[in-house]
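Dropping query05.cif in here (mmCIF, C-alpha atoms and all ligand atoms):
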data_my_file
loop_
_atom_site.label_atom_id
_atom_site.label_comp_id
_atom_site.auth_asym_id
_atom_site.auth_seq_id
_atom_site.Cartn_x
_atom_site.Cartn_y
_atom_site.Cartn_z
CA MET A 1 -251.41 -25.85 57.87
CA ALA A 2 -249.16 -25.65 60.92
CA GLN A 3 -245.47 -26.06 60.01
CA SER A 4 -244.68 -29.56 61.27
CA VAL A 5 -242.46 -28.91 64.28
CA TRP A 6 -239.79 -31.60 64.69
CA GLY A 7 -240.67 -34.72 66.61
CA TYR A 8 -240.28 -38.48 66.44
CA ASP A 9 -243.13 -39.38 64.07
CA SER A 10 -242.74 -40.47 60.45
CA ASP A 11 -243.56 -37.01 59.08
CA ASN A 12 -241.32 -34.99 61.43
CA GLY A 13 -238.84 -37.56 62.78
CA PRO A 14 -235.01 -37.91 62.82
CA GLU A 15 -234.80 -38.76 59.08
CA ARG A 16 -236.28 -35.33 58.21
CA TRP A 17 -234.73 -33.08 60.89
CA HIS A 18 -231.97 -31.97 58.46
CA GLU A 19 -234.58 -30.22 56.27
CA ASN A 20 -234.96 -27.48 58.90
CA TYR A 21 -231.79 -28.13 60.93
CA PRO A 22 -228.81 -28.66 58.60
CA MET A 23 -226.45 -29.46 61.52
CA ALA A 24 -228.32 -32.77 61.83
CA LYS A 25 -226.17 -33.98 58.93
CA GLY A 26 -222.89 -32.89 60.53
CA ASP A 27 -219.76 -34.98 61.10
CA LYS A 28 -220.01 -35.06 64.92
CA GLN A 29 -223.59 -36.09 65.54
CA SER A 30 -225.03 -38.01 68.49
CA PRO A 31 -226.00 -40.58 69.55
CA ILE A 32 -223.60 -43.22 68.23
CA GLU A 33 -223.08 -46.96 68.51
CA ILE A 34 -220.18 -47.80 70.82
CA ASN A 35 -218.31 -51.01 70.01
CA SER A 36 -215.85 -52.02 72.74
CA LYS A 37 -213.38 -53.29 70.12
CA ASP A 38 -213.02 -49.74 68.72
CA VAL A 39 -212.78 -48.02 72.11
CA ARG A 40 -209.40 -46.76 73.32
CA HIS A 41 -208.57 -46.98 77.02
CA ASP A 42 -207.05 -43.62 78.01
CA SER A 43 -205.18 -43.90 81.34
CA SER A 44 -204.82 -40.11 81.41
CA LEU A 45 -208.60 -39.66 81.76
CA ALA A 46 -209.32 -38.31 85.27
CA PRO A 47 -212.29 -39.41 87.39
CA TRP A 48 -215.32 -37.13 87.17
CA HIS A 49 -216.96 -35.49 90.19
CA ALA A 50 -220.42 -34.03 90.62
CA SER A 51 -221.11 -31.66 93.49
CA TYR A 52 -224.79 -30.86 93.30
CA ASP A 53 -226.83 -28.67 95.65
CA PRO A 54 -230.25 -30.34 96.25
CA GLY A 55 -231.64 -26.85 96.71
CA ALA A 56 -230.91 -26.07 93.05
CA ALA A 57 -233.75 -28.30 91.82
CA LYS A 58 -236.72 -26.17 90.74
CA THR A 59 -239.41 -27.76 88.57
CA ILE A 60 -240.31 -30.85 86.55
CA LEU A 61 -242.11 -30.49 83.23
CA ASN A 62 -243.59 -32.42 80.32
CA ASN A 63 -242.71 -30.49 77.14
CA GLY A 64 -244.41 -33.01 74.90
CA ARG A 65 -241.07 -34.57 73.95
CA THR A 66 -239.57 -35.61 77.27
CA CYS A 67 -239.86 -35.28 81.03
CA ARG A 68 -237.37 -32.65 82.20
CA VAL A 69 -236.18 -31.52 85.65
CA VAL A 70 -234.84 -27.97 85.65
CA PHE A 71 -232.18 -26.62 88.04
CA ASP A 72 -231.02 -23.12 89.04
CA ASP A 73 -227.91 -22.54 86.94
CA SER A 74 -227.55 -18.80 87.68
CA PHE A 75 -224.23 -19.46 89.49
CA ASP A 76 -221.83 -22.37 90.17
CA ARG A 77 -224.32 -24.09 92.46
CA SER A 78 -224.46 -27.64 91.07
CA VAL A 79 -221.36 -28.48 89.07
CA LEU A 80 -219.61 -31.32 87.26
CA ARG A 81 -215.80 -31.42 87.17
CA GLY A 82 -212.97 -33.70 86.08
CA GLY A 83 -213.17 -36.58 83.64
CA PRO A 84 -212.41 -35.18 80.17
CA LEU A 85 -213.53 -31.71 81.24
CA THR A 86 -211.55 -28.56 81.96
CA GLY A 87 -213.18 -26.45 84.65
CA ALA A 88 -216.61 -26.68 86.28
CA TYR A 89 -219.76 -27.16 84.18
CA ARG A 90 -223.11 -26.04 85.62
CA LEU A 91 -226.03 -28.49 85.86
CA ARG A 92 -228.98 -27.02 83.93
CA GLN A 93 -231.48 -29.84 83.42
CA LEU A 94 -231.97 -33.56 83.27
CA HIS A 95 -234.34 -35.50 81.02
CA LEU A 96 -234.91 -38.96 79.62
CA HIS A 97 -235.40 -40.85 76.36
CA TRP A 98 -237.30 -44.12 76.39
CA GLY A 99 -239.02 -46.75 74.23
CA SER A 100 -242.50 -48.20 73.81
CA SER A 101 -241.19 -51.52 75.20
CA ASP A 102 -238.30 -52.62 77.40
CA ASP A 103 -236.13 -53.90 74.52
CA HIS A 104 -235.31 -50.40 73.18
CA GLY A 105 -235.40 -46.73 74.09
CA SER A 106 -231.82 -45.61 74.69
CA GLU A 107 -230.10 -43.32 72.20
CA HIS A 108 -226.55 -44.64 72.51
CA VAL A 109 -226.21 -48.35 71.70
CA ILE A 110 -223.45 -50.32 73.45
CA ASP A 111 -222.09 -53.43 71.69
CA GLY A 112 -225.47 -53.81 70.02
CA VAL A 113 -227.40 -53.41 73.28
CA LYS A 114 -230.29 -50.95 73.35
CA TYR A 115 -231.34 -50.11 76.91
CA ALA A 116 -234.94 -49.38 77.92
CA ALA A 117 -234.12 -45.73 78.56
CA GLU A 118 -231.29 -43.21 78.78
CA LEU A 119 -231.13 -40.37 81.30
CA HIS A 120 -229.20 -37.21 80.36
CA MET A 121 -227.79 -34.70 82.86
CA VAL A 122 -227.02 -31.55 80.91
CA HIS A 123 -224.26 -29.16 82.07
CA TRP A 124 -222.78 -26.06 80.40
CA ASN A 125 -219.45 -24.26 80.56
CA PRO A 126 -219.88 -20.84 82.26
CA LYS A 127 -216.78 -19.50 80.50
CA HIS A 128 -219.15 -19.01 77.54
CA GLY A 129 -221.41 -16.64 79.49
CA ASN A 130 -224.75 -18.41 79.10
CA PHE A 131 -226.29 -21.62 77.77
CA ALA A 132 -227.09 -20.09 74.37
CA GLY A 133 -223.45 -19.01 74.01
CA ALA A 134 -222.19 -22.42 75.15
CA LEU A 135 -224.18 -24.15 72.38
CA LYS A 136 -221.92 -22.48 69.82
CA GLN A 137 -218.71 -23.83 71.35
CA PRO A 138 -217.14 -27.30 70.97
CA ASP A 139 -216.44 -27.32 74.75
CA GLY A 140 -219.73 -25.65 75.62
CA VAL A 141 -221.80 -28.51 77.02
CA ALA A 142 -221.19 -31.75 78.95
CA VAL A 143 -223.87 -34.42 79.21
CA VAL A 144 -223.66 -37.37 81.61
CA GLY A 145 -225.63 -40.30 80.17
CA ILE A 146 -226.95 -43.07 82.40
CA PHE A 147 -228.54 -46.22 80.92
CA LEU A 148 -231.69 -47.64 82.48
CA LYS A 149 -232.31 -51.39 82.29
CA VAL A 150 -235.45 -53.15 83.45
CA GLY A 151 -235.11 -55.59 86.32
CA LYS A 152 -236.88 -56.68 89.46
CA THR A 153 -235.38 -54.07 91.77
CA PRO A 154 -236.88 -50.63 91.26
CA LYS A 155 -234.31 -47.87 91.79
CA PRO A 156 -235.75 -46.09 94.83
CA GLU A 157 -233.97 -42.89 93.78
CA MET A 158 -235.98 -42.87 90.50
CA LYS A 159 -239.19 -42.97 92.58
CA ARG A 160 -239.00 -39.25 93.28
CA ILE A 161 -239.08 -38.37 89.55
CA LEU A 162 -241.69 -41.00 88.70
CA GLU A 163 -244.03 -39.95 91.54
CA GLU A 164 -244.17 -36.48 90.01
CA ILE A 165 -245.28 -37.91 86.63
CA ASP A 166 -248.91 -37.92 87.81
CA ASN A 167 -248.74 -34.12 88.05
CA ILE A 168 -247.31 -33.58 84.54
CA LYS A 169 -249.28 -36.13 82.47
CA THR A 170 -249.91 -33.82 79.53
CA LYS A 171 -247.80 -31.51 77.37
CA GLY A 172 -247.10 -28.14 78.98
CA LYS A 173 -247.72 -29.30 82.54
CA GLU A 174 -245.09 -28.22 85.05
CA ALA A 175 -244.83 -28.89 88.79
CA PRO A 176 -242.50 -27.77 91.58
CA PHE A 177 -239.64 -30.21 92.07
CA GLN A 178 -237.40 -29.22 94.95
CA HIS A 179 -234.83 -30.68 97.33
CA PHE A 180 -233.50 -33.20 94.85
CA ASP A 181 -229.86 -34.25 94.39
CA PRO A 182 -229.60 -36.09 91.05
CA SER A 183 -226.27 -37.67 92.01
CA ILE A 184 -228.32 -40.28 93.89
CA LEU A 185 -229.13 -41.65 90.41
CA PHE A 186 -225.49 -42.51 89.66
CA PRO A 187 -224.56 -46.22 89.59
CA LYS A 188 -221.80 -47.56 91.88
CA SER A 189 -219.09 -47.57 89.21
CA ARG A 190 -217.63 -44.31 87.87
CA ASP A 191 -216.37 -46.03 84.70
CA TYR A 192 -217.28 -44.08 81.57
CA TRP A 193 -216.85 -43.67 77.84
CA THR A 194 -216.29 -40.19 76.41
CA TYR A 195 -216.43 -38.71 72.91
CA HIS A 196 -217.32 -35.43 71.22
CA GLY A 197 -220.80 -35.11 69.75
CA SER A 198 -224.01 -33.19 69.51
CA PHE A 199 -227.42 -32.59 70.96
CA THR A 200 -229.60 -35.56 70.01
CA THR A 201 -232.49 -33.22 69.21
CA PRO A 202 -232.68 -30.27 66.79
CA PRO A 203 -230.86 -28.00 66.16
CA CYS A 204 -228.26 -30.77 66.89
CA GLU A 205 -225.40 -28.42 67.75
CA GLU A 206 -222.00 -30.16 67.97
CA CYS A 207 -221.11 -28.74 71.37
CA ILE A 208 -221.25 -31.76 73.66
CA THR A 209 -218.57 -33.68 75.53
CA TRP A 210 -220.42 -36.91 76.24
CA ILE A 211 -219.68 -38.84 79.45
CA LEU A 212 -221.56 -42.16 79.24
CA LEU A 213 -221.55 -44.30 82.39
CA ARG A 214 -220.76 -47.93 81.73
CA GLU A 215 -222.90 -49.36 84.57
CA PRO A 216 -226.66 -49.11 83.95
CA ILE A 217 -229.10 -48.43 86.78
CA GLU A 218 -232.05 -50.77 87.23
CA VAL A 219 -235.69 -49.73 87.12
CA SER A 220 -238.81 -51.87 87.51
CA PRO A 221 -241.38 -52.64 84.80
CA ASP A 222 -243.86 -50.48 86.73
CA GLN A 223 -241.43 -47.58 86.71
CA MET A 224 -241.06 -47.88 82.93
CA ALA A 225 -244.84 -48.08 82.54
CA LYS A 226 -245.11 -44.87 84.56
CA LEU A 227 -242.77 -43.08 82.16
CA ARG A 228 -244.79 -44.39 79.19
CA SER A 229 -247.99 -43.01 80.73
CA LEU A 230 -246.91 -39.47 79.85
CA SER A 231 -248.80 -37.92 76.94
CA LYS A 232 -247.31 -36.00 73.99
CA SER A 233 -250.49 -33.97 73.72
CA GLY A 234 -252.19 -31.33 75.84
CA GLU A 235 -254.87 -31.97 78.45
CA ASN A 236 -257.77 -31.18 76.08
CA GLU A 237 -256.46 -33.38 73.28
CA ALA A 238 -256.61 -37.13 72.71
CA MET A 239 -254.00 -39.02 74.75
CA ASN A 240 -250.94 -39.68 72.58
CA PRO A 241 -248.41 -41.78 74.51
CA LEU A 242 -245.02 -40.09 74.91
CA VAL A 243 -242.78 -43.02 73.93
CA ASP A 244 -239.91 -43.64 71.47
CA ASN A 245 -238.46 -40.15 71.90
CA TRP A 246 -234.97 -41.38 70.92
CA ARG A 247 -232.75 -40.54 67.95
CA PRO A 248 -231.09 -43.54 66.25
CA PRO A 249 -227.27 -43.82 66.16
CA GLN A 250 -225.49 -41.46 63.74
CA PRO A 251 -222.30 -41.92 61.65
CA VAL A 252 -219.15 -42.00 63.82
CA LYS A 253 -217.09 -40.41 60.98
CA GLY A 254 -213.71 -41.36 62.35
CA ARG A 255 -214.27 -40.14 65.90
CA VAL A 256 -212.48 -42.09 68.65
CA VAL A 257 -214.40 -43.10 71.78
CA ARG A 258 -212.15 -43.23 74.85
CA ALA A 259 -212.77 -45.34 77.95
CA SER A 260 -211.72 -44.49 81.50
CA PHE A 261 -211.47 -48.22 82.20
CA LYS A 262 -209.67 -51.25 80.73
N1 LIG A 301 -230.59 -35.13 74.37
S1 LIG A 301 -229.41 -34.10 74.71
O1 LIG A 301 -228.92 -34.31 76.05
O2 LIG A 301 -228.40 -34.17 73.64
C1 LIG A 301 -230.05 -32.47 74.71
C2 LIG A 301 -229.83 -31.61 75.77
C3 LIG A 301 -230.35 -30.32 75.72
F1 LIG A 301 -230.14 -29.50 76.77
C4 LIG A 301 -231.07 -29.86 74.66
C5 LIG A 301 -231.30 -30.71 73.60
C6 LIG A 301 -230.77 -32.01 73.62
F2 LIG A 301 -230.98 -32.85 72.60
ZN ZN A 302 -231.19 -36.23 75.86
#

Before anything else, please render the file you have as structure tokens.
Amino acid sequence: MAQSVWGYDSDNGPERWHENYPMAKGDKQSPIEINSKDVRHDSSLAPWHASYDPGAAKTILNNGRTCRVVFDDSFDRSVLRGGPLTGAYRLRQLHLHWGSSDDHGSEHVIDGVKYAAELHMVHWNPKHGNFAGALKQPDGVAVVGIFLKVGKTPKPEMKRILEEIDNIKTKGKEAPFQHFDPSILFPKSRDYWTYHGSFTTPPCEECITWILLREPIEVSPDQMAKLRSLSKSGENEAMNPLVDNWRPPQPVKGRVVRASFK
């Protein structure tokens, strides 16, 4: 009987991850609920800056748990600076979490609001040598989170990712994905919340400085349907819709969420 690899189903989902990944029960887990009344405005928080090289984009893949775009992070080619960060963090990959319907799907929940999806841009601190080394450090990784809400105006910049979906419908499929600057996905406002937390998937290392953008970007119902047309399973298996790949909010345990805005 194959050892049930972690996932989002009842037999291998978030409530059971701690059985194989003890860090999942740590004191600095992500995602969390953010309640504006508990947030502290920190006027010393600097603005954040992304300088991404479109040539760093390499491939897009369906790993059966999300849709991920991978970038060349072999040198400081696409970097994130400023905000709560010290130094330049290298962009490694971006991926999404989404729901089976528009009323849920995000991992972080803001004043009780669940967004239809949440996009994560994952960066790591090169002072720790490589990504694996960075995972072991509290300042190892920085993830920019962007909320997706469903509206009438499709975000043209999301089109590029969603057009590729047809080529990676099933688990294990990968396709070239080049000449893409993910900063086109950013909303107008640079306002953000920041706190210290973890990967939202096993092994749930507590190495992430989260930078969550306050302003969601809008996607169309068709764009969401496209995302939900991905399959968890391989091309020779029965279609198993890749949806609800989100971890529910975890205990805040006294952590303070700071806001760059009033
Ligand atoms: N959802 S996440 O941004 O915390 C994340 C990023 C990774 F690179 C690996 C695992 C993760 F769970
Ligand atoms: Zn994620």

Checklist entry - Restricting the calculation to all atoms listed in the file, which member of A:Val122, A:Lys253, A:Tyr192, A:Leu80 is positioned closest to Asp42 (chain A)? => result A:Tyr192

Need to verify the contact set: Ala142 (chain A), 12 Å, only C-alpha atoms, exclusion of same-chain residues closer than 6 positions in sequence. Can you return it as a compact mmCIF listing (two decimals) with C-alpha atoms, in the frame of the given file?
# COMPACT_ATOMS: atom_id res chain seq x y z
CA TRP A 48 -215.32 -37.13 87.17
CA ALA A 50 -220.42 -34.03 90.62
CA VAL A 79 -221.36 -28.48 89.07
CA LEU A 80 -219.61 -31.32 87.26
CA ARG A 81 -215.80 -31.42 87.17
CA GLY A 82 -212.97 -33.70 86.08
CA GLY A 83 -213.17 -36.58 83.64
CA PRO A 84 -212.41 -35.18 80.17
CA LEU A 85 -213.53 -31.71 81.24
CA THR A 86 -211.55 -28.56 81.96
CA GLY A 87 -213.18 -26.45 84.65
CA ALA A 88 -216.61 -26.68 86.28
CA TYR A 89 -219.76 -27.16 84.18
CA ARG A 90 -223.11 -26.04 85.62
CA LEU A 91 -226.03 -28.49 85.86
CA ARG A 92 -228.98 -27.02 83.93
CA GLN A 93 -231.48 -29.84 83.42
CA LEU A 94 -231.97 -33.56 83.27
CA HIS A 120 -229.20 -37.21 80.36
CA MET A 121 -227.79 -34.70 82.86
CA VAL A 122 -227.02 -31.55 80.91
CA HIS A 123 -224.26 -29.16 82.07
CA TRP A 124 -222.78 -26.06 80.40
CA ASN A 125 -219.45 -24.26 80.56
CA PRO A 126 -219.88 -20.84 82.26
CA PHE A 131 -226.29 -21.62 77.77
CA ALA A 134 -222.19 -22.42 75.15
CA LEU A 135 -224.18 -24.15 72.38
CA THR A 194 -216.29 -40.19 76.41
CA TYR A 195 -216.43 -38.71 72.91
CA HIS A 196 -217.32 -35.43 71.22
CA GLY A 197 -220.80 -35.11 69.75
CA SER A 198 -224.01 -33.19 69.51
CA PHE A 199 -227.42 -32.59 70.96
CA GLU A 206 -222.00 -30.16 67.97
CA CYS A 207 -221.11 -28.74 71.37
CA ILE A 208 -221.25 -31.76 73.66
CA THR A 209 -218.57 -33.68 75.53
CA TRP A 210 -220.42 -36.91 76.24
CA ILE A 211 -219.68 -38.84 79.45
CA LEU A 212 -221.56 -42.16 79.24

Checklist entry - Once you count only C-alpha atoms and all ligand atoms, which residues end up within 9 Å of ligand ZN 302 (chain A), and could you hand them over as a PyMOL selection string? => result chain A and resi 66+94-97+107+118-122+143+145+199-201+246

Checklist entry - Which distance in Å separates CA of Arg65 (chain A) and CA of Gly13 (chain A), to one decimal? => result 11.8 Å

Checklist entry - Within 10 Å of region 155-160 of chain A, counting all atoms listed in the file, which residues qualify if same-chain residues fewer than 5 places away don't, as an MDAnalysis selection string? => result chainID A and resid 148 150 165 177 180:186 217:220 223

Written file, previous selection with C-alpha atoms, as a compact mmCIF listing (two decimals), in the coordinates of the input:
# COMPACT_ATOMS: atom_id res chain seq x y z
CA LEU A 148 -231.69 -47.64 82.48
CA VAL A 150 -235.45 -53.15 83.45
CA ILE A 165 -245.28 -37.91 86.63
CA PHE A 177 -239.64 -30.21 92.07
CA PHE A 180 -233.50 -33.20 94.85
CA ASP A 181 -229.86 -34.25 94.39
CA PRO A 182 -229.60 -36.09 91.05
CA SER A 183 -226.27 -37.67 92.01
CA ILE A 184 -228.32 -40.28 93.89
CA LEU A 185 -229.13 -41.65 90.41
CA PHE A 186 -225.49 -42.51 89.66
CA ILE A 217 -229.10 -48.43 86.78
CA GLU A 218 -232.05 -50.77 87.23
CA VAL A 219 -235.69 -49.73 87.12
CA SER A 220 -238.81 -51.87 87.51
CA GLN A 223 -241.43 -47.58 86.71

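Each of A:Gly140, A:Asp222, A:Arg255, A:Lys149 was checked against ligand LIG 301 (chain A) using all atoms listed in the file; the smallest atom-to-atom distance is that of A:Gly140.
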
With 3 Å added on each side, what axis-aligned box encloses every listed atom of region 52-68 of chain A? Give the centre and edge lengths in Å to one decimal, as lines of an AutoDock Vina configuration file.
center_x = -234.6
center_y = -30.8
center_z = 85.3
size_x = 25.6
size_y = 15.5
size_z = 28.8

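Interatomic distance, CA of Ile32 (chain A) to CA of Lys171 (chain A): 28.4 Å.
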
Item to check | Of the listed residues A:Ile60, A:Ala46, A:Ala259, A:Val39, that which approaches Pro176 (chain A) most closely, counting only C-alpha atoms | outcome: A:Ile60

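Residue nearest ligand LIG 301 (chain A), chosen from A:Asn236, A:Asn12, A:Ser100, A:Asn245 and counting only C-alpha atoms and all ligand atoms: A:Asn245.
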
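Closest approach to Gly151 (chain A) among A:Asp76, A:Asp53, A:Asp102, A:Glu164 is made by A:Asp102 (distances from all atoms listed in the file).
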
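For the residues A:His179, A:Gly112, A:Val5, A:Arg40, ranking by smallest atom-to-atom distance to Ala56 (chain A) using only C-alpha atoms places A:His179 first.
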
Checklist outcome for this item: Students should find that CA of His104 (chain A) and CA of Pro216 (chain A) are spaced 13.9 Å

Checklist entry - Got a sec: who's within 7 Å of Pro31 (chain A), counting all atoms listed in the file, leaving out chain neighbours fewer than 2 positions off, as an MDAnalysis selection string? => result chainID A and resid 29 107:108 200 247:250

Next on the checklist: Report as a PyMOL selection string all protein, DNA and RNA residues lying within 10 Å of Asp9 (chain A), evaluated on all atoms listed in the file, omitting residues in the same chain fewer than 6 positions from it.
Outcome noted: chain A and resi 15-16+244-245

Next on the checklist: Counting all atoms listed in the file, find residues at most 7 Å from (-250.3, -32.2, 74.4) (file frame) and give them as a ChimeraX atom specification.
Outcome noted: /A:64,170-172,231-235,237

Taking C-alpha atoms for each residue, export the selection above as a PDB file, in the frame of the given file.
ATOM      1  CA  GLY A  64    -244.410 -33.010  74.900  1.00  0.00           C
ATOM      2  CA  THR A 170    -249.910 -33.820  79.530  1.00  0.00           C
ATOM      3  CA  LYS A 171    -247.800 -31.510  77.370  1.00  0.00           C
ATOM      4  CA  GLY A 172    -247.100 -28.140  78.980  1.00  0.00           C
ATOM      5  CA  SER A 231    -248.800 -37.920  76.940  1.00  0.00           C
ATOM      6  CA  LYS A 232    -247.310 -36.000  73.990  1.00  0.00           C
ATOM      7  CA  SER A 233    -250.490 -33.970  73.720  1.00  0.00           C
ATOM      8  CA  GLY A 234    -252.190 -31.330  75.840  1.00  0.00           C
ATOM      9  CA  GLU A 235    -254.870 -31.970  78.450  1.00  0.00           C
ATOM     10  CA  GLU A 237    -256.460 -33.380  73.280  1.00  0.00           C
TER      11      GLU A 237
END
